[in-house]
>>> print(open('query-v6.cif').read())   # mmCIF, C-alpha atoms
data_protein
loop_
_atom_site.label_atom_id
_atom_site.label_comp_id
_atom_site.auth_asym_id
_atom_site.auth_seq_id
_atom_site.Cartn_x
_atom_site.Cartn_y
_atom_site.Cartn_z
CA MET A 5 -21.97 1.79 5.20
CA ALA A 6 -18.46 2.98 4.44
CA LYS A 7 -17.97 6.17 2.44
CA VAL A 8 -15.45 6.29 -0.41
CA TYR A 9 -14.75 9.65 -2.02
CA PHE A 10 -13.68 9.73 -5.66
CA THR A 11 -12.27 12.23 -8.11
CA LYS A 12 -11.05 11.83 -11.67
CA ASP A 13 -8.66 14.72 -11.03
CA ILE A 14 -5.28 12.99 -10.71
CA SER A 15 -3.32 16.08 -9.75
CA ALA A 16 -1.79 17.51 -6.60
CA GLU A 17 -4.96 19.54 -6.09
CA GLY A 18 -7.13 16.49 -6.69
CA LEU A 19 -5.16 14.57 -4.11
CA LYS A 20 -5.65 17.32 -1.53
CA LYS A 21 -9.35 17.50 -2.39
CA ALA A 22 -9.74 13.76 -1.78
CA PHE A 23 -8.01 14.00 1.59
CA HIS A 24 -10.02 17.02 2.73
CA ALA A 25 -13.26 15.22 1.86
CA LEU A 26 -12.53 12.81 4.69
CA GLY A 27 -12.95 15.62 7.20
CA VAL A 28 -10.28 14.41 9.59
CA THR A 29 -7.25 15.89 11.28
CA LEU A 30 -4.35 13.49 11.69
CA LYS A 31 -2.77 13.91 15.10
CA GLY A 32 0.82 14.03 16.28
CA ASN A 33 3.62 12.96 14.00
CA VAL A 34 2.09 11.89 10.69
CA GLY A 35 3.68 9.09 8.68
CA VAL A 36 2.87 9.05 4.97
CA LYS A 37 3.32 5.47 3.81
CA ILE A 38 4.17 5.22 0.13
CA SER A 39 6.20 2.94 -2.08
CA THR A 40 9.48 4.65 -2.91
CA GLY A 41 9.64 2.51 -6.06
CA GLU A 42 12.26 0.07 -7.27
CA PRO A 43 14.87 1.93 -9.37
CA GLY A 44 14.25 1.26 -13.04
CA GLY A 45 10.50 1.45 -12.59
CA HIS A 46 8.61 4.68 -13.12
CA ASN A 47 5.00 4.06 -12.08
CA PHE A 48 5.36 4.99 -8.40
CA LEU A 49 3.62 8.14 -7.14
CA GLN A 50 5.83 11.04 -8.13
CA PRO A 51 7.23 13.51 -5.56
CA ALA A 52 5.77 16.58 -7.26
CA PHE A 53 2.32 14.97 -7.22
CA ILE A 54 2.29 14.11 -3.50
CA ALA A 55 4.38 17.02 -2.17
CA PRO A 56 1.60 19.58 -1.48
CA LEU A 57 -0.43 17.14 0.62
CA VAL A 58 2.57 15.67 2.44
CA GLN A 59 3.79 19.16 3.29
CA GLU A 60 0.34 20.32 4.39
CA LEU A 61 0.29 17.40 6.84
CA ASN A 62 3.85 18.17 7.95
CA GLY A 63 4.28 14.49 7.20
CA THR A 64 7.26 12.19 7.09
CA ILE A 65 7.50 9.78 4.16
CA VAL A 66 7.89 6.30 5.67
CA GLU A 67 8.98 3.01 4.15
CA CYS A 68 10.64 -0.28 5.10
CA ASN A 69 13.30 -2.35 3.37
CA THR A 70 12.27 -5.07 0.94
CA ALA A 71 12.64 -8.81 1.41
CA TYR A 72 13.59 -9.60 -2.20
CA ALA A 73 16.91 -8.94 -3.88
CA GLY A 74 16.99 -5.50 -5.43
CA ARG A 75 17.97 -1.90 -4.85
CA ARG A 76 15.91 -1.45 -1.66
CA ASN A 77 16.70 -4.56 0.38
CA THR A 78 19.46 -2.84 2.37
CA THR A 79 19.16 0.46 4.17
CA GLN A 80 22.16 1.93 2.34
CA GLU A 81 20.82 1.12 -1.11
CA HIS A 82 17.26 2.08 -0.15
CA TRP A 83 18.42 5.56 0.90
CA LYS A 84 20.10 5.91 -2.49
CA ALA A 85 16.83 4.99 -4.21
CA ILE A 86 14.90 7.51 -2.11
CA ARG A 87 17.34 10.23 -3.11
CA GLU A 88 17.42 9.20 -6.78
CA HIS A 89 13.63 9.38 -6.92
CA GLY A 90 13.60 12.78 -5.22
CA PHE A 91 11.47 12.03 -2.19
CA ASP A 92 14.03 13.53 0.20
CA THR A 93 13.61 16.90 -1.52
CA ILE A 94 9.92 17.24 -0.57
CA ALA A 95 9.75 15.96 3.03
CA PRO A 96 11.66 14.14 5.76
CA CYS A 97 12.00 10.43 4.97
CA ASP A 98 12.29 7.48 7.34
CA ILE A 99 13.19 3.86 6.62
CA MET A 100 11.33 2.49 9.61
CA ASP A 101 13.37 -0.71 9.99
CA GLU A 102 16.73 1.04 9.59
CA GLU A 103 17.41 0.42 13.29
CA GLY A 104 15.61 -2.89 13.53
CA GLU A 105 12.12 -4.19 14.04
CA MET A 106 9.55 -4.77 16.74
CA ALA A 107 6.76 -7.27 17.10
CA ILE A 108 3.18 -6.07 17.46
CA ALA A 109 0.26 -8.30 18.35
CA VAL A 110 -2.18 -9.60 15.75
CA PRO A 111 -5.69 -9.63 17.26
CA SER A 112 -7.57 -12.78 16.19
CA GLY A 113 -5.13 -13.50 13.38
CA LYS A 114 -5.83 -16.49 11.18
CA HIS A 115 -2.16 -17.32 10.61
CA LEU A 116 -0.02 -14.69 12.36
CA LYS A 117 0.19 -14.17 16.10
CA GLU A 118 2.56 -11.24 15.79
CA ASN A 119 3.65 -8.93 13.00
CA PHE A 120 7.21 -7.64 12.69
CA VAL A 121 7.27 -3.96 11.72
CA GLY A 122 9.92 -1.29 11.51
CA SER A 123 10.87 -0.15 15.01
CA HIS A 124 10.43 3.49 14.01
CA LEU A 125 6.66 2.96 13.87
CA THR A 126 6.75 4.16 17.48
CA ARG A 127 7.57 7.65 16.17
CA TYR A 128 4.14 8.13 14.58
CA GLN A 129 0.75 8.77 16.10
CA SER A 130 -1.17 8.71 12.83
CA MET A 131 -0.67 7.61 9.25
CA LEU A 132 -1.82 8.26 5.71
CA MET A 133 -1.68 5.10 3.62
CA LEU A 134 -1.02 6.73 0.28
CA SER A 135 -1.11 3.85 -2.17
CA HIS A 136 -0.61 3.49 -5.90
CA PHE A 137 -3.34 1.05 -6.91
CA LYS A 138 -2.17 -1.41 -9.58
CA GLY A 139 -1.58 -5.10 -10.20
CA HIS A 140 0.99 -7.25 -8.44
CA ALA A 141 2.91 -10.34 -9.55
CA MET A 142 2.31 -12.21 -6.28
CA ALA A 143 -0.70 -10.57 -4.58
CA GLY A 144 -2.68 -9.91 -7.76
CA LEU A 145 -3.39 -6.35 -6.72
CA GLY A 146 -1.77 -3.72 -4.58
CA GLY A 147 -3.71 -1.04 -2.73
CA ALA A 148 -4.26 0.12 0.83
CA LEU A 149 -4.30 -3.34 2.41
CA LYS A 150 -1.03 -4.35 0.82
CA ASN A 151 0.61 -1.01 1.61
CA MET A 152 -0.36 -1.32 5.27
CA SER A 153 0.69 -4.96 5.64
CA ILE A 154 3.72 -5.68 3.47
CA GLY A 155 4.66 -2.01 3.35
CA VAL A 156 4.87 -1.41 7.12
CA ALA A 157 6.49 -4.78 7.82
CA SER A 158 10.23 -5.00 8.27
CA SER A 159 12.25 -7.00 5.76
CA HIS A 160 11.95 -10.03 8.06
CA GLY A 161 8.27 -9.25 8.69
CA LYS A 162 7.57 -9.30 4.97
CA LEU A 163 8.95 -12.83 4.78
CA GLU A 164 6.77 -13.88 7.72
CA ILE A 165 3.67 -12.58 5.93
CA HIS A 166 4.63 -14.19 2.64
CA THR A 167 5.09 -17.57 4.36
CA GLY A 168 2.00 -17.43 6.55
CA GLY A 169 4.05 -17.06 9.72
CA LYS A 170 6.37 -19.97 9.02
CA GLY A 171 9.36 -17.76 8.30
CA GLY A 172 12.16 -18.98 6.10
CA THR A 173 15.72 -18.24 5.18
CA SER A 174 15.11 -16.40 1.91
CA PHE A 175 12.37 -14.90 -0.21
CA LYS A 176 12.36 -18.11 -2.27
CA ASP A 177 10.43 -19.69 0.62
CA ALA A 178 7.55 -17.32 -0.14
CA PHE A 179 6.84 -19.17 -3.38
CA GLN A 180 6.08 -22.38 -1.44
CA THR A 181 3.18 -20.80 0.49
CA ASP A 182 -0.48 -21.44 -0.36
CA GLN A 183 -1.78 -18.32 -2.09
CA ASP A 184 -4.82 -17.81 0.12
CA VAL A 185 -2.68 -18.26 3.23
CA PHE A 186 -0.41 -15.48 2.01
CA LEU A 187 -3.36 -13.17 1.32
CA GLU A 188 -4.97 -13.96 4.67
CA SER A 189 -1.65 -13.26 6.38
CA MET A 190 -1.61 -9.81 4.79
CA ALA A 191 -5.02 -9.18 6.35
CA ASP A 192 -3.67 -10.42 9.70
CA ALA A 193 -0.84 -7.90 9.43
CA ASP A 194 -3.31 -5.15 8.58
CA ALA A 195 -5.24 -5.95 11.75
CA SER A 196 -2.07 -5.55 13.82
CA VAL A 197 -1.20 -2.12 12.40
CA MET A 198 -4.75 -0.85 12.84
CA ALA A 199 -4.84 -2.10 16.43
CA TYR A 200 -1.45 -0.55 17.19
CA LEU A 201 -2.12 2.93 15.76
CA GLY A 202 -5.88 2.90 16.32
CA LYS A 203 -8.39 2.72 13.47
CA GLU A 204 -9.26 6.37 13.94
CA ASN A 205 -5.65 7.41 13.32
CA ILE A 206 -5.24 5.94 9.81
CA VAL A 207 -6.73 7.21 6.56
CA TYR A 208 -6.45 5.67 3.12
CA ILE A 209 -6.01 7.09 -0.37
CA ASN A 210 -5.62 4.94 -3.49
CA VAL A 211 -4.38 6.58 -6.67
CA ALA A 212 -5.50 4.50 -9.65
CA ASN A 213 -3.14 5.70 -12.35
CA ARG A 214 -0.40 4.02 -14.40
CA LEU A 215 -2.42 0.82 -13.98
CA SER A 216 0.27 -1.72 -14.76
CA VAL A 217 -0.20 -5.40 -13.98
CA ASP A 218 3.09 -5.11 -12.09
CA CYS A 219 3.90 -3.52 -8.76
CA ASP A 220 6.17 -0.52 -8.12
CA CYS A 221 8.56 -3.08 -6.57
CA ASP A 222 9.28 -4.26 -10.12
CA SER A 223 12.32 -2.61 -11.71
CA ASN A 224 10.94 -3.27 -15.19
CA PRO A 225 7.14 -3.14 -14.94
CA HIS A 226 4.84 -3.88 -17.84
CA GLU A 227 3.43 -0.77 -19.45
CA PRO A 228 -0.19 -0.04 -18.46
CA GLU A 229 -2.78 -1.29 -20.94
CA MET A 230 -5.72 0.71 -19.57
CA ALA A 231 -6.35 4.38 -18.93
CA ASP A 232 -6.05 6.08 -15.55
CA ILE A 233 -9.18 6.06 -13.38
CA GLY A 234 -8.83 8.51 -10.51
CA ILE A 235 -8.29 8.91 -6.77
CA PHE A 236 -10.22 7.08 -4.05
CA ALA A 237 -10.19 8.14 -0.37
CA SER A 238 -11.77 6.53 2.67
CA LEU A 239 -11.49 5.91 6.39
CA ASP A 240 -12.05 2.21 5.56
CA PRO A 241 -9.21 0.23 3.92
CA VAL A 242 -11.50 -2.59 2.81
CA ALA A 243 -13.92 -0.21 1.13
CA VAL A 244 -11.24 1.83 -0.63
CA ASP A 245 -9.63 -1.29 -2.11
CA GLN A 246 -13.01 -2.77 -3.09
CA ALA A 247 -14.00 0.49 -4.78
CA SER A 248 -10.71 0.51 -6.70
CA VAL A 249 -11.22 -3.07 -7.87
CA ASP A 250 -14.82 -2.37 -8.86
CA ALA A 251 -13.72 0.65 -10.89
CA VAL A 252 -11.36 -1.52 -12.92
CA TYR A 253 -14.14 -4.00 -13.71
CA GLN A 254 -16.59 -1.20 -14.53
CA SER A 255 -14.18 0.68 -16.78
CA PRO A 256 -15.24 0.85 -20.44
CA ASP A 257 -11.57 0.51 -21.38
CA GLU A 258 -10.91 -2.82 -23.13
CA GLY A 259 -7.33 -2.61 -21.90
CA LYS A 260 -8.58 -3.59 -18.46
CA ALA A 261 -8.45 -7.27 -19.45
CA ALA A 262 -4.77 -7.68 -18.55
CA LEU A 263 -5.18 -6.21 -15.06
CA ILE A 264 -8.32 -8.24 -14.42
CA GLU A 265 -6.48 -11.39 -15.47
CA ARG A 266 -3.64 -10.56 -13.10
CA MET A 267 -6.01 -9.96 -10.19
CA GLU A 268 -8.08 -13.07 -10.83
CA SER A 269 -5.15 -15.42 -11.53
CA ARG A 270 -3.72 -14.60 -8.08
CA HIS A 271 -7.13 -14.53 -6.35
CA GLY A 272 -6.29 -10.95 -5.38
CA ILE A 273 -9.79 -10.17 -4.12
CA HIS A 274 -9.22 -12.59 -1.25
CA VAL A 275 -7.14 -10.12 0.78
CA ILE A 276 -10.19 -7.83 0.76
CA GLU A 277 -12.45 -10.72 1.73
CA ALA A 278 -10.09 -11.76 4.53
CA ALA A 279 -9.78 -8.21 5.87
CA GLU A 280 -13.57 -7.87 5.99
CA ALA A 281 -13.82 -11.21 7.81
CA LEU A 282 -11.43 -9.84 10.46
CA GLY A 283 -13.68 -6.81 10.95
CA LEU A 284 -11.26 -4.31 9.44
CA GLY A 285 -13.89 -2.71 7.21
CA SER A 286 -16.74 -3.29 4.81
CA ARG A 287 -16.87 -4.26 1.14
CA THR A 288 -20.20 -2.42 0.96
CA TYR A 289 -19.67 1.28 0.39
CA GLU A 290 -21.17 4.49 -0.90
CA LEU A 291 -19.14 6.10 -3.67
CA ILE A 292 -19.26 9.89 -3.43
CA SER A 293 -18.03 11.89 -6.43
CA LEU A 294 -16.05 15.04 -5.75
CA ASP A 295 -16.18 16.20 -9.37
#
>>> encode(input="query-v6.cif", output="structure tokens")
Amino acid sequence: MAKVYFTKDISAEGLKKAFHALGVTLKGNVGVKISTGEPGGHNFLQPAFIAPLVQELNGTIVECNTAYAGRRNTTQEHWKAIREHGFDTIAPCDIMDEEGEMAIAVPSGKHLKENFVGSHLTRYQSMLMLSHFKGHAMAGLGGALKNMSIGVASSHGKLEIHTGGKGGTSFKDAFQTDQDVFLESMADADASVMAYLGKENIVYINVANRLSVDCDCDSNPHEPEMADIGIFASLDPVAVDQASVDAVYQSPDEGKAALIERMESRHGIHVIEAAEALGLGSRTYELISLD
């Protein structure tokens, strides 16, 4: 059974405590995959919050360009956003598809045979998927599985995932894809990243705060309607996302209704189901409190 560690302490110290509970040492060059946040939005994980852990790991903050029109769909504009949000002041930063992409194999993928990721992925021997857990306009929810799939994919790779491997000429094509196919393609992409880096070289932390129904990719996200929950950490991406979802449902906060509606209306749980079906982790877990 997977172990998921939890603390209500949403602070820099709480974040470090959650990581240390995992009892692992990340080897080599460590990439810390976050969302740098679409300018205009303000729910993304703040530099001061993540800095102590990132610096302890001697990590590099890694991202890829977006596939939709915005302030992060070109390398030049994305670097501006990184600087505006202050991430470059706490650690080295790397837009992994700045110099192009590479294809990595998808083992036993349901829709994808290969996943296109930023070519700089070769620079890293291990990775912390440091995810802001929240809703998402297309995926229903965003946590570790989304951060590892869409987040590590190049701009072109994101479009491939959104279209179930059929590609397309613009992000508009993503809206023509069957929803479950899109979610299953995210799980396929997750499988490729885990196979490439090695399961033992990736750890996952979900921070369930600023629980908007909208993603950090939204420049004008809806204000959260429910209270913060806490930090979840695991060696299992399926378990950490399932635990985060369960915590929303189990919250006594009536404001959870909007986020639940967003998750259910997009069948968001299906990416977790699909990832478990691919053998990427378990939806059955033991929740261990660190408080």
>>> closest_residue(input="query-v6.cif", among="A:Phe10, A:Tyr200, A:Tyr128, A:Tyr208", to="Ile38 of chain A", atoms="only C-alpha atoms")
A:Tyr208
>>> closest_atom_pairs(input="query-v6.cif", of="segment 203-291 of chain A", to="segment 73-93 of chain A", cutoff="10 Å", atoms="all atoms listed in the file", output="tab-separated table")
residue	atom	partner	partner_atom	distance
A:Cys221	CA	A:Gly74	CA	8.8
A:Asp222	CA	A:Gly74	CA	9.1
A:Ser223	CA	A:Gly74	CA	8.3
>>> write_last_selection(input="query-v6.cif", atoms="C-alpha atoms", output="short mmCIF file (atom, residue, chain, number, x, y, z; two decimals), in the coordinates of the input")
data_model
loop_
_atom_site.label_atom_id
_atom_site.label_comp_id
_atom_site.auth_asym_id
_atom_site.auth_seq_id
_atom_site.Cartn_x
_atom_site.Cartn_y
_atom_site.Cartn_z
CA CYS A 221 8.56 -3.08 -6.57
CA ASP A 222 9.28 -4.26 -10.12
CA SER A 223 12.32 -2.61 -11.71
#
>>> atom_distance(input="query-v6.cif", atom1="atom CA of Lys117 of chain A", atom2="atom CA of Lys176 of chain A")
22.4 Å
>>> closest_atom_pairs(input="query-v6.cif", of="segment 61-171 of chain A", to="segment 256-273 of chain A", cutoff="6 Å", atoms="only C-alpha atoms", output="tab-separated table")
residue	atom	partner	partner_atom	distance
A:Ala143	CA	A:Gly272	CA	5.7
A:Gly144	CA	A:Met267	CA	4.1
A:Leu145	CA	A:Gly272	CA	5.6
>>> residues_around(input="query-v6.cif", residues="Ile292 of chain A", least_positions_apart="4", cutoff="9 Å", atoms="all atoms listed in the file", output="PyMOL selection string")
chain A and resi 7-11
>>> resolve_selection(input="query-v6.cif", expression="the PyMOL selection byres ((chain A and resi 294) around 12)", output="tab-separated table (two decimals) with C-alpha atoms, keeping the file's coordinate frame")
chain	number	residue	atom	x	y	z
A	8	VAL	CA	-15.45	6.29	-0.41
A	9	TYR	CA	-14.75	9.65	-2.02
A	10	PHE	CA	-13.68	9.73	-5.66
A	11	THR	CA	-12.27	12.23	-8.11
A	12	LYS	CA	-11.05	11.83	-11.67
A	13	ASP	CA	-8.66	14.72	-11.03
A	17	GLU	CA	-4.96	19.54	-6.09
A	18	GLY	CA	-7.13	16.49	-6.69
A	19	LEU	CA	-5.16	14.57	-4.11
A	20	LYS	CA	-5.65	17.32	-1.53
A	21	LYS	CA	-9.35	17.50	-2.39
A	22	ALA	CA	-9.74	13.76	-1.78
A	23	PHE	CA	-8.01	14.00	1.59
A	24	HIS	CA	-10.02	17.02	2.73
A	25	ALA	CA	-13.26	15.22	1.86
A	26	LEU	CA	-12.53	12.81	4.69
A	234	GLY	CA	-8.83	8.51	-10.51
A	235	ILE	CA	-8.29	8.91	-6.77
A	236	PHE	CA	-10.22	7.08	-4.05
A	237	ALA	CA	-10.19	8.14	-0.37
A	291	LEU	CA	-19.14	6.10	-3.67
A	292	ILE	CA	-19.26	9.89	-3.43
A	293	SER	CA	-18.03	11.89	-6.43
A	295	ASP	CA	-16.18	16.20	-9.37
>>> closest_residue(input="query-v6.cif", among="A:Leu149, A:Met142, A:Val275, A:Ala247", to="Gln180 of chain A", atoms="only C-alpha atoms")
A:Met142
>>> resolve_selection(input="query-v6.cif", expression="the PyMOL selection byres ((chain A and resi 215) around 8)", output="PyMOL selection string")
chain A and resi 137-139+212-214+216-217+228-232+263
>>> decode(input="query-v6.cif", residues="segment 32-46 of chain A", atoms="N, CA and C atoms", output="PDB file, in the first residue's frame")
ATOM      1  N   GLY A  32      22.062  13.208  -8.384  1.00  0.00           N
ATOM      2  CA  GLY A  32      22.487  13.985  -9.536  1.00  0.00           C
ATOM      3  C   GLY A  32      21.885  15.371  -9.570  1.00  0.00           C
ATOM      4  N   ASN A  33      21.694  15.867 -10.781  1.00  0.00           N
ATOM      5  CA  ASN A  33      21.041  17.159 -10.974  1.00  0.00           C
ATOM      6  C   ASN A  33      19.541  16.996 -10.741  1.00  0.00           C
ATOM      7  N   VAL A  34      19.007  17.789  -9.831  1.00  0.00           N
ATOM      8  CA  VAL A  34      17.600  17.673  -9.435  1.00  0.00           C
ATOM      9  C   VAL A  34      16.780  18.754 -10.134  1.00  0.00           C
ATOM     10  N   GLY A  35      15.797  18.356 -10.904  1.00  0.00           N
ATOM     11  CA  GLY A  35      14.834  19.291 -11.468  1.00  0.00           C
ATOM     12  C   GLY A  35      13.643  19.417 -10.537  1.00  0.00           C
ATOM     13  N   VAL A  36      13.213  20.639 -10.281  1.00  0.00           N
ATOM     14  CA  VAL A  36      12.019  20.869  -9.471  1.00  0.00           C
ATOM     15  C   VAL A  36      10.944  21.405 -10.405  1.00  0.00           C
ATOM     16  N   LYS A  37       9.993  20.543 -10.754  1.00  0.00           N
ATOM     17  CA  LYS A  37       8.972  20.908 -11.731  1.00  0.00           C
ATOM     18  C   LYS A  37       7.807  21.611 -11.040  1.00  0.00           C
ATOM     19  N   ILE A  38       7.654  22.868 -11.383  1.00  0.00           N
ATOM     20  CA  ILE A  38       6.540  23.664 -10.866  1.00  0.00           C
ATOM     21  C   ILE A  38       5.790  24.272 -12.049  1.00  0.00           C
ATOM     22  N   SER A  39       4.712  24.963 -11.743  1.00  0.00           N
ATOM     23  CA  SER A  39       4.109  25.875 -12.715  1.00  0.00           C
ATOM     24  C   SER A  39       4.584  27.273 -12.368  1.00  0.00           C
ATOM     25  N   THR A  40       5.181  27.945 -13.352  1.00  0.00           N
ATOM     26  CA  THR A  40       5.645  29.311 -13.108  1.00  0.00           C
ATOM     27  C   THR A  40       4.493  30.307 -13.100  1.00  0.00           C
ATOM     28  N   GLY A  41       3.295  29.876 -13.500  1.00  0.00           N
ATOM     29  CA  GLY A  41       2.108  30.709 -13.371  1.00  0.00           C
ATOM     30  C   GLY A  41       1.936  31.719 -14.489  1.00  0.00           C
ATOM     31  N   GLU A  42       0.738  31.754 -15.046  1.00  0.00           N
ATOM     32  CA  GLU A  42       0.433  32.727 -16.092  1.00  0.00           C
ATOM     33  C   GLU A  42       0.343  34.122 -15.470  1.00  0.00           C
ATOM     34  N   PRO A  43       1.069  35.103 -15.998  1.00  0.00           N
ATOM     35  CA  PRO A  43       0.995  36.463 -15.458  1.00  0.00           C
ATOM     36  C   PRO A  43      -0.449  36.962 -15.399  1.00  0.00           C
ATOM     37  N   GLY A  44      -0.777  37.574 -14.299  1.00  0.00           N
ATOM     38  CA  GLY A  44      -2.150  37.990 -14.024  1.00  0.00           C
ATOM     39  C   GLY A  44      -2.757  37.134 -12.943  1.00  0.00           C
ATOM     40  N   GLY A  45      -2.387  35.852 -12.949  1.00  0.00           N
ATOM     41  CA  GLY A  45      -2.821  34.951 -11.883  1.00  0.00           C
ATOM     42  C   GLY A  45      -1.925  35.111 -10.668  1.00  0.00           C
ATOM     43  N   HIS A  46      -2.363  34.561  -9.540  1.00  0.00           N
ATOM     44  CA  HIS A  46      -1.599  34.747  -8.309  1.00  0.00           C
ATOM     45  C   HIS A  46      -1.697  33.540  -7.388  1.00  0.00           C
TER      46      HIS A  46
END
